[in-house]
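Peer 1: Next up is a structure, given as C-alpha cells.
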Amino acid sequence: MPEKEKDFEDNLEHWHCEKCKIRIGVVDKEEQQIRVRYKDLVVLYDWKGISKNDDELKIICRRCAWMNTKKRIDLNIDTQKQKR
Ligand SMILES: [Zn+2]
C-alpha cells in the first residue's frame, strides 16, 4: 500500500504552467524548496536563509514556452520567519 507516499505527496504544492497547465515542479514548504525535474534536468531553489522578499524563480514551460515565475512572496512563508 503506497499510503505513505500519498501523504508525502500531499505536503507538496504543485506548480503548474499558467498557460497550458502542465506540471512544472513542486513547492515543498516544509523543506523550503522548489524542485523541478524533467528528464536529466533538475532545478532546486532553496529559500532557507535568504532574507529578501524579491527573489524569484523563472522557468520556461517545456511544452508551450510560457515564462512562469514564482516569487518568494508567492510562497507565503515569510510572515512567520521574518518579523520586521
Ligand atoms: Zn505551458
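Each chain in the C-alpha cells gets a letter, A, B, ..., in the order shown, and its residues are numbered from 1; ligands are numbered from 1 in order too.
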If we count only C-alpha atoms and set the cut-off at 10 Å, which residues sit around Arg62 in chain A, ignoring sequence neighbours fewer than 4 positions away in its own chain? Please answer as a PyMOL selection string.
Peer 2: chain A and resi 17+22-24+38+66-67
Peer 1: Please identify every polymer residue within 8 Å of ligand 1, using only C-alpha atoms and all ligand atoms, and present the set as a short mmCIF file (atom, residue, chain, number, x, y, z; two decimals) with N, CA and C atoms, in the first residue's frame.
Peer 2:
data_model
loop_
_atom_site.label_atom_id
_atom_site.label_comp_id
_atom_site.auth_asym_id
_atom_site.auth_seq_id
_atom_site.Cartn_x
_atom_site.Cartn_y
_atom_site.Cartn_z
N HIS A 16 2.01 24.61 -11.60
CA HIS A 16 1.59 24.33 -12.97
C HIS A 16 1.87 25.53 -13.87
N CYS A 17 2.09 25.22 -15.13
CA CYS A 17 2.23 26.29 -16.12
C CYS A 17 0.95 27.13 -16.13
N GLU A 18 1.12 28.44 -16.09
CA GLU A 18 -0.06 29.32 -16.07
C GLU A 18 -0.86 29.23 -17.36
N LYS A 19 -0.19 28.87 -18.41
CA LYS A 19 -0.86 28.88 -19.70
C LYS A 19 -1.42 27.51 -20.08
N CYS A 20 -0.59 26.49 -20.12
CA CYS A 20 -1.07 25.19 -20.61
C CYS A 20 -1.32 24.18 -19.49
N LYS A 21 -0.99 24.57 -18.26
CA LYS A 21 -1.35 23.80 -17.06
C LYS A 21 -0.56 22.51 -16.80
N ILE A 22 0.45 22.24 -17.58
CA ILE A 22 1.25 21.06 -17.22
C ILE A 22 2.02 21.34 -15.94
N ILE A 60 10.90 28.43 -18.14
CA ILE A 60 10.14 28.39 -19.38
C ILE A 60 9.46 27.04 -19.48
N CYS A 61 8.17 27.06 -19.72
CA CYS A 61 7.40 25.83 -19.85
C CYS A 61 7.97 24.98 -20.99
N ARG A 62 8.20 23.70 -20.68
CA ARG A 62 8.80 22.82 -21.70
C ARG A 62 7.81 22.49 -22.81
N ARG A 63 6.52 22.72 -22.58
CA ARG A 63 5.54 22.44 -23.62
C ARG A 63 5.21 23.67 -24.46
N CYS A 64 4.82 24.76 -23.81
CA CYS A 64 4.32 25.90 -24.58
C CYS A 64 5.26 27.10 -24.54
N ALA A 65 6.38 26.99 -23.82
CA ALA A 65 7.40 28.04 -23.74
C ALA A 65 6.94 29.29 -23.01
N TRP A 66 5.85 29.22 -22.30
CA TRP A 66 5.41 30.33 -21.45
C TRP A 66 6.42 30.53 -20.32
#
Peer 1: Applying 7 Å and only C-alpha atoms, which residues near Asp28 in chain A remain after dropping the ones on its own chain fewer than 3 positions away? List them as a PyMOL selection string.
Peer 2: chain A and resi 11-13+31-34
Peer 1: Could you write out that same residue set with C-alpha atoms as a PDB file, in the first residue's frame?
Peer 2:
ATOM      1  CA  ASN A  11       2.547  18.099   1.519  1.00  0.00           C
ATOM      2  CA  LEU A  12       3.731  19.369  -1.799  1.00  0.00           C
ATOM      3  CA  GLU A  13       2.092  22.175  -3.668  1.00  0.00           C
ATOM      4  CA  GLU A  31      11.756  21.714   3.252  1.00  0.00           C
ATOM      5  CA  GLN A  32      11.597  25.284   1.939  1.00  0.00           C
ATOM      6  CA  GLN A  33      12.443  24.235  -1.563  1.00  0.00           C
ATOM      7  CA  ILE A  34      11.093  24.397  -5.067  1.00  0.00           C
TER       8      ILE A  34
END
Peer 1: Env of Val43 in chain A: 10 Å cut, atoms = only C-alpha atoms, seq-sep filter 2 positions within chain, self excluded. Answer as a PDB file with C-alpha atoms, in the first residue's frame.
Peer 2:
ATOM      1  CA  GLY A  25       7.536  21.332 -10.390  1.00  0.00           C
ATOM      2  CA  ILE A  34      11.093  24.397  -5.067  1.00  0.00           C
ATOM      3  CA  ARG A  35      12.072  21.329  -7.062  1.00  0.00           C
ATOM      4  CA  VAL A  36      11.788  20.949 -10.803  1.00  0.00           C
ATOM      5  CA  ARG A  37      12.782  17.742 -12.512  1.00  0.00           C
ATOM      6  CA  TYR A  38      12.450  16.817 -16.127  1.00  0.00           C
ATOM      7  CA  LEU A  41      17.379  18.409 -15.731  1.00  0.00           C
ATOM      8  CA  TYR A  45      15.578  26.566  -5.393  1.00  0.00           C
ATOM      9  CA  ASP A  46      16.289  26.565  -1.694  1.00  0.00           C
ATOM     10  CA  LEU A  57      12.493  31.765  -9.971  1.00  0.00           C
ATOM     11  CA  ILE A  59      11.236  28.809 -15.790  1.00  0.00           C
TER      12      ILE A  59
END
Peer 1: What does the distance from CA of Glu56 in chain A to CA of Leu44 in chain A come to in Å, to one decimal?
Peer 2: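 Here the two named atoms are 12.5 Å from each other.
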Peer 1: Which neighbours of Asp54 in chain A fall inside 8 Å, counting only C-alpha atoms, when residues of the same chain fewer than 3 positions from it are skipped, and could you give them as a list of chain:residue names?
Peer 2: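 Non-adjacent residues within range: A:Lys71, A:Arg72, A:Ile73.
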Peer 1: If you keep N, CA and C atoms, can you produce a file of those selected residues as a short mmCIF file (atom, residue, chain, number, x, y, z; two decimals), in the first residue's frame?
Peer 2:
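Listing of again-v8.cif after writing:
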data_model
loop_
_atom_site.label_atom_id
_atom_site.label_comp_id
_atom_site.auth_asym_id
_atom_site.auth_seq_id
_atom_site.Cartn_x
_atom_site.Cartn_y
_atom_site.Cartn_z
N LYS A 71 7.58 33.85 -7.24
CA LYS A 71 8.27 34.80 -6.37
C LYS A 71 8.30 34.26 -4.96
N ARG A 72 9.29 34.68 -4.24
CA ARG A 72 9.39 34.27 -2.84
C ARG A 72 8.11 34.64 -2.08
N ILE A 73 7.57 35.78 -2.41
CA ILE A 73 6.37 36.23 -1.70
C ILE A 73 5.17 35.32 -2.01
#
Peer 1: DSSP on the backbone: what in range 22-67 of chain A comes out strand (DSSP E), as an NGL selection string?
Peer 2: :A and (23-28 or 33-38 or 41-46 or 56-60 or 67)
